[in-house]
file data.txt (compact mmCIF, C-alpha atoms)
# COMPACT_ATOMS: atom_id res chain seq x y z
CA MET A 12 -4.21 4.18 8.70
CA ALA A 13 -1.24 6.50 8.15
CA ASP A 14 -0.77 10.22 7.48
CA ILE A 15 0.98 10.60 4.12
CA LEU A 16 2.41 13.74 2.54
CA ILE A 17 2.40 13.64 -1.27
CA VAL A 18 4.91 16.00 -2.91
CA GLU A 19 4.29 16.05 -6.65
CA ASP A 20 4.09 19.11 -8.92
CA GLU A 21 1.89 17.45 -11.56
CA PRO A 22 -1.69 17.93 -10.27
CA SER A 23 -3.19 14.90 -12.02
CA ILE A 24 -0.55 12.52 -10.65
CA ASN A 25 -0.74 14.07 -7.20
CA GLU A 26 -4.52 13.67 -7.16
CA LEU A 27 -4.40 10.08 -8.44
CA MET A 28 -1.94 9.12 -5.71
CA LYS A 29 -4.11 10.79 -3.08
CA ARG A 30 -7.28 9.11 -4.33
CA THR A 31 -5.65 5.68 -4.37
CA LEU A 32 -4.11 5.97 -0.91
CA THR A 33 -7.30 7.44 0.55
CA MET A 34 -9.30 4.51 -0.80
CA THR A 35 -6.99 2.15 1.08
CA GLY A 36 -7.65 3.98 4.35
CA HIS A 37 -4.80 6.49 4.59
CA ARG A 38 -5.07 10.23 5.22
CA CYS A 39 -3.21 12.39 2.70
CA CYS A 40 -2.06 15.99 2.45
CA GLN A 41 -0.63 17.43 -0.76
CA ALA A 42 2.23 19.72 -1.72
CA TYR A 43 3.33 20.86 -5.18
CA THR A 44 6.64 22.59 -4.45
CA GLY A 45 9.61 21.96 -2.22
CA ARG A 46 8.80 24.87 0.08
CA GLU A 47 5.20 23.69 0.47
CA ALA A 48 6.54 20.22 1.30
CA LEU A 49 8.83 21.52 4.04
CA ARG A 50 6.02 23.58 5.58
CA ALA A 51 3.62 20.63 5.47
CA ALA A 52 6.20 18.24 6.92
CA LYS A 53 6.76 20.60 9.85
CA GLN A 54 3.07 21.31 10.49
CA GLU A 55 1.49 17.92 9.75
CA ARG A 56 4.28 15.57 10.89
CA PRO A 57 3.24 12.82 8.47
CA ASP A 58 4.18 9.17 8.91
CA ILE A 59 5.69 9.03 5.44
CA VAL A 60 6.52 11.38 2.55
CA LEU A 61 6.18 10.51 -1.14
CA LEU A 62 8.65 12.87 -2.77
CA ASP A 63 9.17 13.81 -6.41
CA ILE A 64 12.67 14.93 -7.36
CA ASN A 65 11.84 17.35 -10.18
CA LEU A 66 10.06 20.15 -8.33
CA PRO A 67 9.71 23.72 -9.66
CA ASP A 68 11.55 25.58 -6.89
CA MET A 69 14.04 23.07 -5.48
CA ASP A 70 14.81 19.44 -6.17
CA GLY A 71 13.74 16.52 -4.03
CA PHE A 72 17.28 15.91 -2.82
CA GLN A 73 17.32 19.39 -1.27
CA VAL A 74 13.94 18.75 0.35
CA MET A 75 15.16 15.42 1.68
CA ALA A 76 18.15 17.09 3.32
CA GLN A 77 15.83 19.37 5.32
CA ILE A 78 12.88 17.12 6.04
CA GLY A 79 14.24 15.54 9.20
CA THR A 80 13.60 11.97 10.31
CA ILE A 81 10.31 11.32 8.48
CA PRO A 82 10.54 8.22 6.22
CA VAL A 83 10.72 9.18 2.53
CA ILE A 84 9.97 7.32 -0.69
CA TYR A 85 11.14 9.03 -3.86
CA VAL A 86 8.54 8.88 -6.65
CA THR A 87 10.15 10.24 -9.78
CA ALA A 88 10.69 9.94 -13.53
CA ARG A 89 14.46 10.06 -13.04
CA ASP A 90 15.54 6.48 -13.66
CA GLU A 91 19.32 6.82 -14.00
CA VAL A 92 21.32 4.53 -11.73
CA THR A 93 23.22 7.54 -10.38
CA ASP A 94 19.92 9.13 -9.28
CA ARG A 95 18.73 5.92 -7.64
CA VAL A 96 21.99 5.52 -5.76
CA ARG A 97 21.99 9.16 -4.70
CA GLY A 98 18.39 8.89 -3.55
CA LEU A 99 18.93 5.79 -1.45
CA ASN A 100 22.23 7.08 -0.07
CA SER A 101 20.48 10.26 1.01
CA GLY A 102 18.47 8.19 3.48
CA ALA A 103 15.28 7.45 1.54
CA GLU A 104 13.50 4.19 2.32
CA ASP A 105 12.65 3.43 -1.30
CA TYR A 106 12.82 4.77 -4.86
CA ILE A 107 9.90 4.32 -7.29
CA VAL A 108 10.31 5.20 -10.97
CA LYS A 109 7.41 6.58 -13.03
CA PRO A 110 5.32 5.26 -14.62
CA PHE A 111 4.24 2.81 -11.93
CA ALA A 112 1.12 0.87 -11.00
CA MET A 113 -0.90 2.24 -8.11
CA GLU A 114 -0.91 -1.23 -6.57
CA GLU A 115 2.88 -1.08 -6.44
CA LEU A 116 2.75 2.29 -4.70
CA VAL A 117 0.34 0.98 -2.06
CA ALA A 118 2.49 -2.11 -1.48
CA ARG A 119 5.72 -0.14 -1.11
CA VAL A 120 4.12 2.33 1.27
CA GLN A 121 2.91 -0.58 3.38
CA VAL A 122 6.41 -2.09 3.51
CA VAL A 123 7.86 1.18 4.83
CA LEU A 124 5.05 1.62 7.35
CA ARG A 125 5.62 -1.93 8.57
CA ARG A 126 9.32 -1.23 8.90
CA PHE A 127 8.55 1.71 11.20
CA HIS A 128 5.74 -0.15 13.00
CA ARG A 129 3.12 2.29 11.75
CA GLU A 130 0.96 -0.06 9.71
CA GLU A 131 -2.58 -0.95 10.67
CA LYS A 132 -2.78 -3.97 12.94
CA ILE A 133 -6.55 -4.33 13.40
CA PHE A 134 -9.11 -4.50 10.60
CA VAL A 135 -12.87 -4.79 11.06
CA ILE A 136 -15.29 -5.74 8.27
CA ASP A 137 -18.87 -6.00 9.49
CA HIS A 138 -18.83 -9.14 11.71
CA VAL A 139 -15.17 -10.01 11.00
CA ARG A 140 -12.18 -8.77 13.01
CA VAL A 141 -8.61 -9.37 11.82
CA ASP A 142 -5.68 -8.87 14.18
CA VAL A 143 -2.62 -8.91 11.93
CA GLU A 144 -0.05 -8.77 14.71
CA ARG A 145 -1.57 -11.67 16.66
CA HIS A 146 -2.48 -13.56 13.49
CA ARG A 147 -6.03 -13.94 14.78
CA VAL A 148 -9.36 -13.79 12.93
CA THR A 149 -12.79 -13.79 14.55
CA ARG A 150 -16.28 -13.96 13.06
CA ALA A 151 -19.07 -12.64 15.29
CA GLY A 152 -16.67 -13.03 18.22
CA GLU A 153 -15.76 -16.64 17.44
CA ASP A 154 -12.24 -17.63 16.38
CA VAL A 155 -11.87 -18.76 12.78
CA GLU A 156 -8.92 -20.90 11.73
CA LEU A 157 -7.25 -19.76 8.52
CA THR A 158 -4.25 -21.39 6.92
CA ASN A 159 -1.13 -19.24 6.56
CA ARG A 160 -1.82 -18.79 2.85
CA GLU A 161 -5.45 -17.81 3.49
CA PHE A 162 -4.39 -15.34 6.16
CA GLU A 163 -1.74 -13.71 3.97
CA LEU A 164 -4.17 -13.43 1.07
CA LEU A 165 -6.76 -11.82 3.34
CA ARG A 166 -4.13 -9.42 4.71
CA VAL A 167 -3.18 -8.29 1.19
CA LEU A 168 -6.82 -7.71 0.29
CA LEU A 169 -7.30 -5.65 3.46
CA VAL A 170 -4.20 -3.52 2.93
CA ASN A 171 -5.24 -2.90 -0.70
CA ARG A 172 -8.95 -2.56 0.03
CA ASN A 173 -11.07 -0.99 -2.73
CA ILE A 174 -8.33 -1.66 -5.31
CA ALA A 175 -8.68 -4.38 -7.93
CA LEU A 176 -5.73 -6.80 -7.83
CA SER A 177 -4.96 -9.37 -10.49
CA ARG A 178 -4.42 -13.00 -9.56
CA THR A 179 -0.72 -12.62 -10.33
CA GLN A 180 -0.44 -9.55 -8.10
CA LEU A 181 -2.21 -11.38 -5.28
CA LEU A 182 0.18 -14.31 -5.61
CA ASP A 183 3.23 -12.03 -5.54
CA LEU A 184 2.03 -9.85 -2.68
CA ALA A 185 0.66 -12.64 -0.50
CA TRP A 186 3.07 -15.50 -1.08
CA GLY A 187 6.11 -14.08 -2.83
CA MET A 188 7.48 -14.27 -6.32
CA ASP A 189 9.08 -17.64 -5.59
CA PHE A 190 5.64 -19.30 -5.37
CA PHE A 191 5.26 -22.11 -7.89
CA GLY A 192 1.79 -22.96 -9.14
CA ASP A 193 -1.16 -21.88 -11.25
CA ASP A 194 -2.51 -18.42 -10.43
CA ARG A 195 -5.96 -20.04 -10.33
CA THR A 196 -5.01 -21.31 -6.90
CA VAL A 197 -6.02 -17.80 -5.78
CA ASP A 198 -9.63 -18.64 -6.74
CA VAL A 199 -9.64 -21.67 -4.44
CA HIS A 200 -8.31 -19.68 -1.49
CA ILE A 201 -10.72 -16.80 -2.12
CA GLN A 202 -13.65 -19.24 -2.07
CA ARG A 203 -12.46 -20.65 1.26
CA ILE A 204 -12.02 -17.19 2.81
CA ARG A 205 -15.47 -16.11 1.66
CA LYS A 206 -17.07 -19.23 3.09
CA LYS A 207 -15.20 -19.22 6.42
CA LEU A 208 -15.78 -15.52 7.08
CA GLY A 209 -19.06 -14.85 5.29
CA LEU A 210 -17.48 -12.16 3.10
CA GLU A 211 -19.28 -13.02 -0.13
CA ASN A 212 -20.65 -9.47 -0.39
CA TYR A 213 -17.28 -7.85 0.31
CA ILE A 214 -14.74 -9.81 -1.75
CA ARG A 215 -15.79 -9.04 -5.30
CA THR A 216 -14.69 -10.89 -8.43
CA VAL A 217 -13.28 -8.62 -11.13
CA PHE A 218 -14.18 -10.35 -14.39
CA LYS A 219 -11.21 -11.94 -16.19
CA TYR A 220 -8.80 -10.14 -13.86
CA GLY A 221 -8.85 -10.88 -10.14
CA TYR A 222 -10.50 -9.63 -6.94
CA ARG A 223 -11.29 -6.50 -4.95
CA LEU A 224 -12.21 -6.19 -1.27
CA GLU A 225 -14.87 -3.49 -1.01
CA ILE A 226 -15.30 -1.72 2.31
call {"tool": "encode", "arguments": {"input": "data.txt", "output": "structure tokens"}}
result
Amino acid sequence: MADILIVEDEPSINELMKRTLTMTGHRCCQAYTGREALRAAKQERPDIVLLDINLPDMDGFQVMAQIGTIPVIYVTARDEVTDRVRGLNSGAEDYIVKPFAMEELVARVQVVLRRFHREEKIFVIDHVRVDVERHRVTRAGEDVELTNREFELLRVLLVNRNIALSRTQLLDLAWGMDFFGDDRTVDVHIQRIRKKLGLENYIRTVFKYGYRLEI
């Protein structure tokens, strides 16, 4: 779980980002102007800032220059190469262009948190405990052996809990875009994870789409 500051002047987008990140276990505070963002960054000391560039009182680049050492991801409609280069050169960890999928936002946030060693390392679901750092899974206190692919798939479901992910997204997030094979291989691995860990009531099938881990 991380503390995330969302700086976005469009209320509906700000609220959607908050709702999505909260569902995946993060705590969020919101700002709608550059000055609000700087006050919140100083008071809340978040783990990461999601920063729009087009703000009503000052632009995101100006905010970035004053925000200190907190990791920043730009989330903006400005898609010119010059803006991307300027954003990354300013010290931001990433640059996301609107419109974007919420799953992509969650994944990119997790990458930055991992980079700064602020991601969750222990997950508990009922009788199952997953230690990501030690690559260890227990069920009712007993060790359960998962293959590397099963473990990575489970990790992705945990990180993106309560969000429906397509089979293609699960393949990309768990095993990388260089994976060769039918996306139905996800079904086989999901069945094995459910059986080994007794998570039939937690890993839900999303009809004609993919899966969602409900916690």
call {"tool": "atom_distance", "arguments": {"input": "data.txt", "atom1": "atom CA of A:Met12", "atom2": "atom CA of A:Ile201"}}
result
24.5 Å
call {"tool": "residues_around", "arguments": {"input": "data.txt", "residues": "A:Glu131", "least_positions_apart": "4", "cutoff": "9 Å", "atoms": "only C-alpha atoms", "output": "list in words"}}
result
Met12, Ala13, Leu124, Arg125, Val143 and Val170 of chain A
call {"tool": "residues_around", "arguments": {"input": "data.txt", "residues": "A:Ala103", "least_positions_apart": "6", "cutoff": "9 Å", "atoms": "all atoms listed in the file", "output": "ChimeraX atom specification"}}
result
/A:75,82-85
call {"tool": "closest_residue", "arguments": {"input": "data.txt", "among": "A:Val18, A:Ile133, A:Val108, A:Val155", "to": "A:Asp90", "atoms": "only C-alpha atoms"}}
result
A:Val108
call {"tool": "atom_distance", "arguments": {"input": "data.txt", "atom1": "atom CA of A:Ile136", "atom2": "atom CA of A:Lys207"}}
result
13.6 Å
call {"tool": "closest_residue", "arguments": {"input": "data.txt", "among": "A:Glu26, A:Glu144, A:Asp70, A:Glu211", "to": "A:Glu163", "atoms": "all atoms listed in the file"}}
result
A:Glu144
call {"tool": "residues_near_point", "arguments": {"input": "data.txt", "point": "(10.8, 21.5, -3.9)", "cutoff": "6 Å", "atoms": "all atoms listed in the file", "output": "VMD selection string"}}
result
chain A and resid 44 to 46 66 68 to 71 74
call {"tool": "decode", "arguments": {"input": "data.txt", "residues": "stretch 95-128 of chain A", "atoms": "N, CA and C atoms", "output": "PDB file, in the first residue's frame"}}
result
ATOM      1  N   ARG A  95       7.222  15.270 -23.875  1.00  0.00           N
ATOM      2  CA  ARG A  95       7.681  14.021 -23.245  1.00  0.00           C
ATOM      3  C   ARG A  95       9.138  14.139 -22.816  1.00  0.00           C
ATOM      4  N   VAL A  96       9.960  14.646 -23.732  1.00  0.00           N
ATOM      5  CA  VAL A  96      11.388  14.786 -23.432  1.00  0.00           C
ATOM      6  C   VAL A  96      11.596  15.763 -22.284  1.00  0.00           C
ATOM      7  N   ARG A  97      10.883  16.870 -22.317  1.00  0.00           N
ATOM      8  CA  ARG A  97      11.006  17.850 -21.235  1.00  0.00           C
ATOM      9  C   ARG A  97      10.565  17.244 -19.903  1.00  0.00           C
ATOM     10  N   GLY A  98       9.479  16.494 -19.938  1.00  0.00           N
ATOM     11  CA  GLY A  98       8.982  15.876 -18.710  1.00  0.00           C
ATOM     12  C   GLY A  98       9.969  14.897 -18.113  1.00  0.00           C
ATOM     13  N   LEU A  99      10.508  14.026 -18.938  1.00  0.00           N
ATOM     14  CA  LEU A  99      11.460  13.029 -18.445  1.00  0.00           C
ATOM     15  C   LEU A  99      12.774  13.668 -18.033  1.00  0.00           C
ATOM     16  N   ASN A 100      13.198  14.686 -18.774  1.00  0.00           N
ATOM     17  CA  ASN A 100      14.438  15.384 -18.417  1.00  0.00           C
ATOM     18  C   ASN A 100      14.304  16.187 -17.130  1.00  0.00           C
ATOM     19  N   SER A 101      13.070  16.518 -16.773  1.00  0.00           N
ATOM     20  CA  SER A 101      12.853  17.285 -15.543  1.00  0.00           C
ATOM     21  C   SER A 101      13.004  16.419 -14.299  1.00  0.00           C
ATOM     22  N   GLY A 102      13.108  15.092 -14.516  1.00  0.00           N
ATOM     23  CA  GLY A 102      13.306  14.189 -13.387  1.00  0.00           C
ATOM     24  C   GLY A 102      12.148  13.267 -13.104  1.00  0.00           C
ATOM     25  N   ALA A 103      11.090  13.334 -13.919  1.00  0.00           N
ATOM     26  CA  ALA A 103       9.938  12.458 -13.712  1.00  0.00           C
ATOM     27  C   ALA A 103      10.322  11.002 -13.975  1.00  0.00           C
ATOM     28  N   GLU A 104       9.645  10.096 -13.287  1.00  0.00           N
ATOM     29  CA  GLU A 104       9.909   8.672 -13.456  1.00  0.00           C
ATOM     30  C   GLU A 104       9.217   8.088 -14.670  1.00  0.00           C
ATOM     31  N   ASP A 105       8.119   8.715 -15.099  1.00  0.00           N
ATOM     32  CA  ASP A 105       7.366   8.187 -16.232  1.00  0.00           C
ATOM     33  C   ASP A 105       6.483   9.291 -16.788  1.00  0.00           C
ATOM     34  N   TYR A 106       5.891   9.020 -17.974  1.00  0.00           N
ATOM     35  CA  TYR A 106       5.063  10.010 -18.661  1.00  0.00           C
ATOM     36  C   TYR A 106       3.930   9.249 -19.336  1.00  0.00           C
ATOM     37  N   ILE A 107       2.706   9.431 -18.854  1.00  0.00           N
ATOM     38  CA  ILE A 107       1.542   8.729 -19.399  1.00  0.00           C
ATOM     39  C   ILE A 107       0.670   9.725 -20.150  1.00  0.00           C
ATOM     40  N   VAL A 108       0.287   9.368 -21.367  1.00  0.00           N
ATOM     41  CA  VAL A 108      -0.519  10.262 -22.205  1.00  0.00           C
ATOM     42  C   VAL A 108      -1.984   9.836 -22.147  1.00  0.00           C
ATOM     43  N   LYS A 109      -2.869  10.797 -21.933  1.00  0.00           N
ATOM     44  CA  LYS A 109      -4.312  10.553 -21.975  1.00  0.00           C
ATOM     45  C   LYS A 109      -4.755  10.418 -23.434  1.00  0.00           C
ATOM     46  N   PRO A 110      -5.793   9.619 -23.682  1.00  0.00           N
ATOM     47  CA  PRO A 110      -6.479   8.720 -22.746  1.00  0.00           C
ATOM     48  C   PRO A 110      -5.643   7.460 -22.501  1.00  0.00           C
ATOM     49  N   PHE A 111      -5.835   6.857 -21.348  1.00  0.00           N
ATOM     50  CA  PHE A 111      -5.081   5.660 -20.999  1.00  0.00           C
ATOM     51  C   PHE A 111      -6.010   4.711 -20.254  1.00  0.00           C
ATOM     52  N   ALA A 112      -5.647   3.434 -20.245  1.00  0.00           N
ATOM     53  CA  ALA A 112      -6.416   2.435 -19.500  1.00  0.00           C
ATOM     54  C   ALA A 112      -6.002   2.492 -18.034  1.00  0.00           C
ATOM     55  N   MET A 113      -6.967   2.315 -17.156  1.00  0.00           N
ATOM     56  CA  MET A 113      -6.665   2.333 -15.726  1.00  0.00           C
ATOM     57  C   MET A 113      -5.689   1.221 -15.340  1.00  0.00           C
ATOM     58  N   GLU A 114      -5.761   0.096 -16.049  1.00  0.00           N
ATOM     59  CA  GLU A 114      -4.829  -0.996 -15.780  1.00  0.00           C
ATOM     60  C   GLU A 114      -3.393  -0.560 -16.051  1.00  0.00           C
ATOM     61  N   GLU A 115      -3.224   0.258 -17.088  1.00  0.00           N
ATOM     62  CA  GLU A 115      -1.884   0.757 -17.407  1.00  0.00           C
ATOM     63  C   GLU A 115      -1.387   1.681 -16.293  1.00  0.00           C
ATOM     64  N   LEU A 116      -2.273   2.525 -15.790  1.00  0.00           N
ATOM     65  CA  LEU A 116      -1.894   3.424 -14.705  1.00  0.00           C
ATOM     66  C   LEU A 116      -1.432   2.634 -13.489  1.00  0.00           C
ATOM     67  N   VAL A 117      -2.209   1.622 -13.104  1.00  0.00           N
ATOM     68  CA  VAL A 117      -1.863   0.801 -11.942  1.00  0.00           C
ATOM     69  C   VAL A 117      -0.500   0.136 -12.153  1.00  0.00           C
ATOM     70  N   ALA A 118      -0.286  -0.404 -13.353  1.00  0.00           N
ATOM     71  CA  ALA A 118       0.964  -1.100 -13.639  1.00  0.00           C
ATOM     72  C   ALA A 118       2.160  -0.147 -13.579  1.00  0.00           C
ATOM     73  N   ARG A 119       2.002   1.041 -14.122  1.00  0.00           N
ATOM     74  CA  ARG A 119       3.126   1.989 -14.134  1.00  0.00           C
ATOM     75  C   ARG A 119       3.427   2.519 -12.733  1.00  0.00           C
ATOM     76  N   VAL A 120       2.388   2.725 -11.956  1.00  0.00           N
ATOM     77  CA  VAL A 120       2.600   3.123 -10.561  1.00  0.00           C
ATOM     78  C   VAL A 120       3.381   2.044  -9.827  1.00  0.00           C
ATOM     79  N   GLN A 121       3.010   0.784 -10.058  1.00  0.00           N
ATOM     80  CA  GLN A 121       3.683  -0.316  -9.376  1.00  0.00           C
ATOM     81  C   GLN A 121       5.158  -0.398  -9.763  1.00  0.00           C
ATOM     82  N   VAL A 122       5.466  -0.140 -11.025  1.00  0.00           N
ATOM     83  CA  VAL A 122       6.861  -0.164 -11.481  1.00  0.00           C
ATOM     84  C   VAL A 122       7.680   0.891 -10.733  1.00  0.00           C
ATOM     85  N   VAL A 123       7.128   2.094 -10.597  1.00  0.00           N
ATOM     86  CA  VAL A 123       7.852   3.161  -9.905  1.00  0.00           C
ATOM     87  C   VAL A 123       7.999   2.839  -8.424  1.00  0.00           C
ATOM     88  N   LEU A 124       6.950   2.313  -7.803  1.00  0.00           N
ATOM     89  CA  LEU A 124       7.034   1.940  -6.394  1.00  0.00           C
ATOM     90  C   LEU A 124       8.087   0.856  -6.183  1.00  0.00           C
ATOM     91  N   ARG A 125       8.146  -0.088  -7.109  1.00  0.00           N
ATOM     92  CA  ARG A 125       9.143  -1.157  -7.009  1.00  0.00           C
ATOM     93  C   ARG A 125      10.550  -0.571  -7.133  1.00  0.00           C
ATOM     94  N   ARG A 126      10.690   0.391  -8.015  1.00  0.00           N
ATOM     95  CA  ARG A 126      11.991   1.021  -8.229  1.00  0.00           C
ATOM     96  C   ARG A 126      12.493   1.704  -6.956  1.00  0.00           C
ATOM     97  N   PHE A 127      11.555   2.236  -6.178  1.00  0.00           N
ATOM     98  CA  PHE A 127      11.924   2.936  -4.939  1.00  0.00           C
ATOM     99  C   PHE A 127      11.698   2.060  -3.703  1.00  0.00           C
ATOM    100  N   HIS A 128      11.481   0.758  -3.943  1.00  0.00           N
ATOM    101  CA  HIS A 128      11.317  -0.214  -2.857  1.00  0.00           C
ATOM    102  C   HIS A 128      10.173   0.152  -1.919  1.00  0.00           C
TER     103      HIS A 128
END
